[in-house]
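*Asks:* What follows is structure-v6.txt, made up of compact mmCIF, C-alpha atoms:
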```txt
# COMPACT_ATOMS: atom_id res chain seq x y z
CA MET A 1 -68.32 -38.83 -43.17
CA THR A 2 -66.38 -41.86 -44.40
CA GLY A 3 -65.27 -44.74 -42.23
CA ALA A 4 -61.64 -43.66 -42.63
CA GLY A 5 -62.54 -40.19 -41.38
CA LEU A 6 -64.28 -41.60 -38.32
CA ALA A 7 -61.34 -43.90 -37.62
CA LEU A 8 -58.91 -40.99 -37.80
CA ARG A 9 -61.00 -38.91 -35.41
CA GLY A 10 -61.21 -41.84 -33.01
CA PHE A 11 -57.44 -42.33 -33.21
CA PHE A 12 -56.79 -38.70 -32.29
CA ALA A 13 -59.16 -38.85 -29.32
CA LEU A 14 -57.76 -42.15 -27.99
CA ALA A 15 -54.09 -41.48 -28.65
CA GLY A 16 -54.14 -37.97 -27.19
CA PRO A 17 -53.74 -38.87 -23.49
CA PHE A 18 -50.94 -41.36 -24.20
CA VAL A 19 -48.99 -38.90 -26.36
CA GLY A 20 -49.65 -36.22 -23.76
CA ASP A 21 -48.06 -38.46 -21.14
CA TYR A 22 -45.01 -38.82 -23.39
CA ALA A 23 -44.82 -35.03 -23.80
CA ALA A 24 -44.99 -34.70 -20.01
CA THR A 25 -42.13 -37.21 -19.67
CA TRP A 26 -39.96 -35.06 -21.94
CA ALA A 27 -40.96 -31.93 -20.04
CA ALA A 28 -40.15 -33.53 -16.68
CA ALA A 29 -36.69 -34.54 -17.90
CA TRP A 30 -35.85 -31.20 -19.55
CA PRO A 31 -33.13 -30.07 -20.29
CA ARG A 32 -31.98 -33.70 -20.44
CA ARG A 33 -33.57 -36.47 -22.45
CA PRO A 34 -35.78 -38.96 -20.62
CA ARG A 35 -34.25 -42.31 -19.76
CA PRO A 36 -35.03 -44.74 -21.21
CA MET A 37 -36.28 -43.10 -24.39
CA LEU A 38 -37.52 -46.39 -25.79
CA GLY A 39 -38.54 -49.67 -24.25
CA ARG A 40 -40.31 -50.37 -21.01
CA SER A 41 -40.98 -47.41 -18.74
CA VAL A 42 -39.44 -47.40 -15.27
CA CYS A 43 -40.14 -45.40 -12.14
CA SER A 44 -37.87 -42.36 -11.97
CA ARG A 45 -37.85 -42.64 -8.16
CA CYS A 46 -37.01 -46.31 -7.50
CA GLY A 47 -36.21 -47.67 -10.97
CA ALA A 48 -38.87 -50.40 -10.89
CA PRO A 49 -40.67 -51.23 -14.18
CA ILE A 50 -44.09 -49.58 -14.50
CA THR A 51 -46.85 -52.13 -15.01
CA ALA A 52 -49.45 -51.85 -17.75
CA ALA A 53 -52.17 -51.23 -15.15
CA ASP A 54 -50.30 -48.13 -13.98
CA LYS A 55 -49.97 -46.70 -17.48
CA VAL A 56 -53.63 -45.91 -18.20
CA PRO A 57 -53.69 -42.12 -18.61
CA LEU A 58 -55.55 -40.19 -15.89
CA LEU A 59 -57.41 -43.28 -14.69
CA SER A 60 -54.32 -44.85 -13.09
CA TRP A 61 -53.46 -41.56 -11.40
CA LEU A 62 -56.99 -41.24 -10.01
CA VAL A 63 -57.17 -44.86 -8.80
CA LYS A 64 -53.74 -44.63 -7.14
CA ARG A 65 -54.62 -41.19 -5.71
CA GLY A 66 -51.55 -39.65 -7.23
CA ARG A 67 -49.17 -42.28 -5.83
CA ARG A 68 -46.75 -44.60 -7.60
CA GLY A 69 -47.77 -48.25 -7.58
CA CYS A 70 -44.21 -49.50 -7.02
CA CYS A 71 -42.80 -47.38 -4.20
CA GLY A 72 -45.72 -45.23 -3.08
CA GLY A 73 -44.01 -41.96 -4.01
CA ARG A 74 -46.07 -39.05 -5.24
CA ILE A 75 -46.51 -38.74 -9.00
CA PRO A 76 -45.52 -35.26 -10.23
CA LEU A 77 -48.50 -33.21 -11.39
CA VAL A 78 -46.95 -32.71 -14.81
CA TYR A 79 -48.08 -36.22 -15.76
CA PRO A 80 -51.84 -35.91 -15.16
CA ILE A 81 -51.73 -32.37 -16.55
CA GLY A 82 -49.94 -33.63 -19.66
CA GLU A 83 -52.41 -36.50 -20.09
CA ALA A 84 -55.38 -34.14 -19.74
CA ALA A 85 -53.80 -31.72 -22.22
CA GLY A 86 -53.17 -34.61 -24.60
CA LEU A 87 -56.83 -35.59 -24.33
CA ALA A 88 -57.85 -32.01 -25.15
CA SER A 89 -55.44 -32.00 -28.11
CA GLY A 90 -56.92 -35.24 -29.38
CA LEU A 91 -60.44 -33.86 -29.08
CA ALA A 92 -59.46 -30.67 -30.92
CA ALA A 93 -58.00 -32.80 -33.71
CA ALA A 94 -61.10 -35.02 -33.77
CA PHE A 95 -63.38 -32.00 -34.20
CA ALA A 96 -61.23 -30.51 -36.98
CA PRO A 97 -62.98 -30.05 -40.35
CA ASP A 98 -60.41 -32.05 -42.34
CA PRO A 99 -57.47 -34.41 -41.63
CA LEU A 100 -54.73 -31.85 -42.33
CA VAL A 101 -56.23 -29.37 -39.89
CA GLY A 102 -56.61 -32.23 -37.41
CA VAL A 103 -52.92 -33.11 -37.65
CA TRP A 104 -52.02 -29.44 -37.22
CA ALA A 105 -54.31 -29.07 -34.17
CA PHE A 106 -52.87 -32.25 -32.62
CA ALA A 107 -49.30 -31.05 -33.13
CA VAL A 108 -50.07 -27.59 -31.75
CA GLY A 109 -51.76 -29.01 -28.66
CA LEU A 110 -48.87 -31.33 -27.83
CA THR A 111 -46.29 -28.60 -28.45
CA LEU A 112 -48.17 -26.29 -26.09
CA THR A 113 -48.27 -29.12 -23.56
CA TYR A 114 -44.51 -29.56 -23.69
CA VAL A 115 -43.72 -25.83 -23.61
CA GLY A 116 -46.19 -25.13 -20.81
CA LEU A 117 -45.02 -27.97 -18.58
CA VAL A 118 -41.34 -27.11 -18.97
CA ASP A 119 -42.13 -23.54 -17.95
CA LEU A 120 -44.24 -24.74 -15.03
CA ARG A 121 -41.36 -26.81 -13.67
CA ARG A 122 -38.31 -24.76 -14.66
CA PHE A 123 -39.54 -21.21 -15.39
CA SER A 124 -37.94 -21.49 -18.80
CA ILE A 125 -39.23 -21.78 -22.37
CA PRO A 126 -37.53 -24.60 -24.33
CA LEU A 127 -36.04 -23.57 -27.67
CA ALA A 128 -37.21 -26.79 -29.31
CA GLY A 129 -40.78 -25.94 -28.36
CA LEU A 130 -40.44 -22.42 -29.75
CA ALA A 131 -39.05 -23.83 -33.00
CA ALA A 132 -41.97 -26.24 -33.33
CA LEU A 133 -44.49 -23.46 -32.60
CA GLY A 134 -42.75 -21.31 -35.21
CA LEU A 135 -43.34 -23.97 -37.86
CA GLU A 136 -46.96 -24.43 -36.76
CA ALA A 137 -47.55 -20.66 -36.78
CA ALA A 138 -46.00 -20.43 -40.26
CA ALA A 139 -48.37 -23.17 -41.44
CA ALA A 140 -51.35 -21.26 -40.03
CA ALA A 141 -50.25 -18.07 -41.80
CA ALA A 142 -49.61 -19.89 -45.07
CA ALA A 143 -53.10 -21.42 -44.93
CA GLU A 144 -54.73 -17.98 -44.94
CA PRO A 145 -56.48 -17.52 -48.31
CA THR A 146 -55.61 -13.82 -48.62
CA THR A 147 -52.54 -11.69 -48.18
CA ALA A 148 -54.49 -9.46 -45.80
CA GLY A 149 -55.18 -12.45 -43.56
CA GLN A 150 -51.52 -13.39 -43.52
CA LEU A 151 -50.50 -9.83 -42.66
CA ALA A 152 -53.11 -9.73 -39.89
CA ARG A 153 -51.57 -12.80 -38.25
CA LEU A 154 -48.06 -11.39 -38.49
CA ALA A 155 -49.21 -8.02 -37.15
CA THR A 156 -50.96 -9.72 -34.22
CA GLY A 157 -47.82 -11.63 -33.32
CA GLY A 158 -45.68 -8.52 -33.59
CA ALA A 159 -48.06 -6.46 -31.46
CA LEU A 160 -48.14 -9.07 -28.69
CA ALA A 161 -44.36 -9.42 -28.71
CA LEU A 162 -43.89 -5.65 -28.50
CA LEU A 163 -46.43 -5.37 -25.69
CA LEU A 164 -44.82 -8.08 -23.58
CA GLU A 165 -41.33 -6.75 -24.27
CA ALA A 166 -42.43 -3.35 -22.97
CA LEU A 167 -43.87 -5.00 -19.85
CA ARG A 168 -40.72 -7.10 -19.40
CA ARG A 169 -38.58 -3.99 -19.37
CA LEU A 170 -40.85 -2.36 -16.80
CA VAL A 171 -40.89 -5.38 -14.46
CA ARG A 172 -37.48 -6.07 -12.98
CA PRO A 173 -36.34 -8.17 -10.01
CA GLY A 174 -36.27 -6.07 -6.89
CA GLY A 175 -32.70 -5.47 -5.75
CA ARG A 176 -31.09 -8.48 -4.09
CA SER A 177 -34.30 -9.97 -2.82
CA GLY A 178 -34.04 -12.86 -5.24
CA VAL A 179 -37.52 -12.24 -6.62
CA ARG A 180 -37.80 -13.63 -10.14
CA ALA A 181 -39.21 -11.33 -12.81
CA GLY A 182 -42.57 -12.41 -14.13
CA LEU A 183 -41.58 -12.15 -17.79
CA GLY A 184 -38.56 -13.34 -19.69
CA ALA A 185 -37.38 -13.19 -23.29
CA GLY A 186 -38.86 -16.65 -23.84
CA ASP A 187 -42.29 -15.40 -22.78
CA VAL A 188 -42.01 -12.55 -25.30
CA LEU A 189 -41.11 -14.91 -28.14
CA LEU A 190 -43.84 -17.34 -27.11
CA ALA A 191 -46.49 -14.61 -27.06
CA GLY A 192 -45.44 -13.42 -30.50
CA LEU A 193 -45.67 -16.91 -31.99
CA LEU A 194 -49.02 -17.56 -30.33
CA GLY A 195 -50.30 -14.26 -31.74
CA VAL A 196 -49.53 -15.53 -35.25
CA LEU A 197 -51.04 -18.90 -34.35
CA THR A 198 -54.34 -17.55 -32.99
CA ASN A 199 -54.77 -14.30 -34.98
CA TRP A 200 -56.34 -11.10 -33.69
CA ARG A 201 -59.76 -12.56 -32.81
CA LEU A 202 -58.32 -14.79 -30.10
CA ALA A 203 -55.27 -12.73 -29.08
CA ALA A 204 -57.07 -10.50 -26.57
CA PRO A 205 -58.96 -13.30 -24.76
CA MET A 206 -55.80 -15.42 -24.78
CA LEU A 207 -53.78 -12.71 -23.08
CA SER A 208 -56.61 -11.93 -20.64
CA ILE A 209 -57.01 -15.57 -19.56
CA ALA A 210 -53.25 -16.02 -19.22
CA SER A 211 -52.95 -12.88 -17.09
CA LEU A 212 -55.97 -13.32 -14.81
CA SER A 213 -55.82 -17.09 -14.22
CA PRO A 214 -52.63 -17.13 -12.09
CA LEU A 215 -53.90 -14.16 -10.08
CA ALA A 216 -57.13 -16.04 -9.35
CA VAL A 217 -55.20 -19.18 -8.39
CA GLN A 218 -52.95 -17.28 -6.02
CA TYR A 219 -55.90 -15.43 -4.52
CA PHE A 220 -57.91 -18.56 -3.72
CA ALA A 221 -54.84 -20.54 -2.66
CA ARG A 222 -53.68 -17.61 -0.50
CA LYS A 223 -50.16 -18.06 -1.80
CA ARG A 224 -47.81 -15.77 -3.65
CA GLY A 225 -44.85 -16.59 -5.77
CA PRO A 226 -43.34 -16.39 -9.25
CA VAL A 227 -45.74 -17.07 -12.10
CA ALA A 228 -44.95 -19.40 -14.98
CA PHE A 229 -46.53 -17.08 -17.55
CA GLY A 230 -45.60 -19.33 -20.47
CA PHE A 231 -47.59 -22.13 -18.88
CA TRP A 232 -50.70 -19.96 -18.61
CA LEU A 233 -50.25 -18.67 -22.17
CA SER A 234 -50.14 -22.28 -23.34
CA VAL A 235 -53.24 -23.23 -21.34
CA ALA A 236 -55.22 -20.24 -22.60
CA THR A 237 -54.25 -20.88 -26.21
CA GLY A 238 -55.09 -24.57 -26.02
CA LEU A 239 -58.50 -23.96 -24.47
CA LEU A 240 -59.44 -21.28 -27.00
CA LEU A 241 -58.36 -23.38 -29.98
CA LEU A 242 -60.33 -26.35 -28.63
CA LEU A 243 -63.40 -24.16 -28.20
CA VAL A 244 -63.07 -22.85 -31.76
CA GLU A 245 -62.86 -26.40 -33.15
CA ILE A 246 -65.93 -27.54 -31.19
CA LEU A 247 -68.01 -24.52 -32.28
CA ALA A 248 -66.95 -24.96 -35.92
CA PHE A 249 -67.81 -28.67 -35.78
CA GLY A 250 -71.34 -27.88 -34.59
CA GLU A 251 -72.09 -25.50 -37.46
```
Let me see the structure of the file written as C-alpha cells.
*Replies:*
Amino acid sequence: MTGAGLALRGFFALAGPFVGDYAATWAAAWPRRPRPMLGRSVCSRCGAPITAADKVPLLSWLVKRGRRGCCGGRIPLVYPIGEAAGLASGLAAAFAPDPLVGVWAFAVGLTLTYVGLVDLRRFSIPLAGLAALGLEAAAAAAAEPTTAGQLARLATGGALALLLEALRRLVRPGGRSGVRAGLGAGDVLLAGLLGVLTNWRLAAPMLSIASLSPLAVQYFARKRGPVAFGFWLSVATGLLLLLVEILAFGE
C-alpha cells in the first residue's frame, strides 16, 4: 500500500468522529438549519462559545460525564451517538479496498447517521437524507458488474418496500389513544433504498436486527413507547456494512 493510501485511510478514521458530530448538529436542529452554520460553535443552551477542550469527540463527553462545560446542562445523546457513528463510518472507509469505495462508505455512514438521529429525535425521516441515500444506492447498483446483480439489488429494495408497506397498512394508531404507529411512509422508502444499498445477502439480517433491537431495549429497560424504526434500520445497516468491510479487508 502506498503512502498516499495510508494517509487517506488515516484521514477517514480521524475525521470520522468530527464529521459525525457535525451530522449530529444538523440532526439536532432539524427541520431548521443549525446556528451558526460556520464559525465558532456556541452552546445551544446558554449561548457561550464552546472551548477547544470541549470539542474532542467522545472523549470530552466522557470526561464531562455528559455535561456541558459552560453551563452544566446535559448534552443531548445525539452528539455522542453521532460521533461514535462517525468513527464507525471512518473505520469502514479506512478498511475499504480502494479510495472510491472508501468515499462511498464514508458518505453512506454519515447519511445513515443523519437520517437515524433525525428519526430518533423527531420520528420523521428527512427528505434530504432519503435523496442522498438514493444517490448512494444508485451508485452501488451501477457498480455491479452484471445486469443480474443490478436487478437483484433493485428487486431486494422493492421487496423490502412492499413488505414494510403491507405492515404499515396493518398497523394503525388505536382510536383516539394518541398512540403513534410504528411505521410511516418514510420508513417504507428508507427500507427500500437500504435494500438496494445492501443487496439480498444483508437485507434479511438488517431487517432482523432493526426489528429485534428495539424490543430488546424496551424489555431490559422495562419501558414501552413508540419506536424510531428508521433509527434502528440505520444502525443495523451501518453495523453490517462495517462488518463486511472489515472481513473483506482481512482476506
*Asks:* Would you please work out which residue, of A:Leu117, A:Leu193, A:Ala92, A:Ala48, is nearest to Ala159 (chain A) when using only C-alpha atoms?
*Replies:*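 Among A:Leu117, A:Leu193, A:Ala92, A:Ala48, it is A:Leu193 that comes nearest to Ala159 (chain A).
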*Asks:* Excluding Ile209 (chain A) and residues on its chain fewer than 6 positions from it, collect all residues at most 9 Å away from it, counting all atoms listed in the file, and give them as a list in words.
*Replies:*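 The residues satisfying every condition are Trp232, Leu233, Val235, Ala236 and Thr237 of chain A.
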*Asks:* Create the file for the chosen residues now, containing C-alpha atoms and written as a compact mmCIF listing (two decimals), keeping the file's coordinate frame.
*Replies:*
```txt
# COMPACT_ATOMS: atom_id res chain seq x y z
CA TRP A 232 -50.70 -19.96 -18.61
CA LEU A 233 -50.25 -18.67 -22.17
CA VAL A 235 -53.24 -23.23 -21.34
CA ALA A 236 -55.22 -20.24 -22.60
CA THR A 237 -54.25 -20.88 -26.21
```
*Asks:* List the spatial neighbours of Thr25 (chain A) as a PyMOL selection string - criterion: any atom at most 12 Å away, all atoms listed in the file, same-chain residues fewer than 2 positions off excluded.
*Replies:* chain A and resi 18-23+27-38+41-44+75-83+113-114+117-118
*Asks:* Enter the distance from CA of Gly186 (chain A) to CA of Tyr219 (chain A), in Å, rounded to one decimal.
*Replies:*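 These atoms are spaced 25.8 Å apart.
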*Asks:* In Å, rounded to a single decimal, give me how far CA of Gly10 (chain A) is from CA of Ser234 (chain A).
*Replies:* 24.5 Å
*Asks:* Which polymer residues, protein or nucleic acid, are no farther than 6 Å from (-53.6, -33.2, -33.6), counting only C-alpha atoms, as a ChimeraX atom specification?
*Replies:* /A:89-90,93,102-107
*Asks:* I'd like the box whose edges run along x, y and z of the file and which contains every listed atom of region 69-73 of chain A, padded by 3 Å per side; could you state its centre and edge lengths in Å, one decimal, as lines of an AutoDock Vina configuration file?
*Replies:*
```
center_x = -45.3
center_y = -45.7
center_z = -5.3
size_x = 11.0
size_y = 13.5
size_z = 10.5
```
*Asks:* Using only C-alpha atoms, find the one residue out of A:Ala152, A:Ala139, A:Arg169, A:Gly116 that sits nearest to Ala210 (chain A).
*Replies:*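 For Ala210 (chain A), the nearest of the given residues is A:Gly116.
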*Asks:* Can you work out the spacing between CA of Gly158 (chain A) and CA of Ala137 (chain A) in Å, to one decimal?
*Replies:*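 Result for CA of Gly158 (chain A) versus CA of Ala137 (chain A): 12.7 Å, one decimal.
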*Asks:* For Ala204 (chain A), which of A:Leu163, A:Leu154, A:Ala132, A:Ala248 is the closest residue, counting only C-alpha atoms?
*Replies:* A:Leu163
*Asks:* Which one of A:Phe11, A:Phe229, A:Phe220, A:Trp200 sits closest to Phe95 (chain A) if you count all atoms listed in the file?
*Replies:* A:Phe11
*Asks:* If we count all atoms listed in the file, what is near Leu167 (chain A) at a cut-off of 12 Å, once residues fewer than 3 positions away on the same chain are taken out, given as a list in words?
*Replies:*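 Once the adjacent positions are removed, what remains is Leu160, Ala161, Leu162, Leu163, Leu164, Leu170, Val171, Arg172, Ala181, Gly182, Leu183, Gly184, Ala185, Asp187 and Val188 of chain A.
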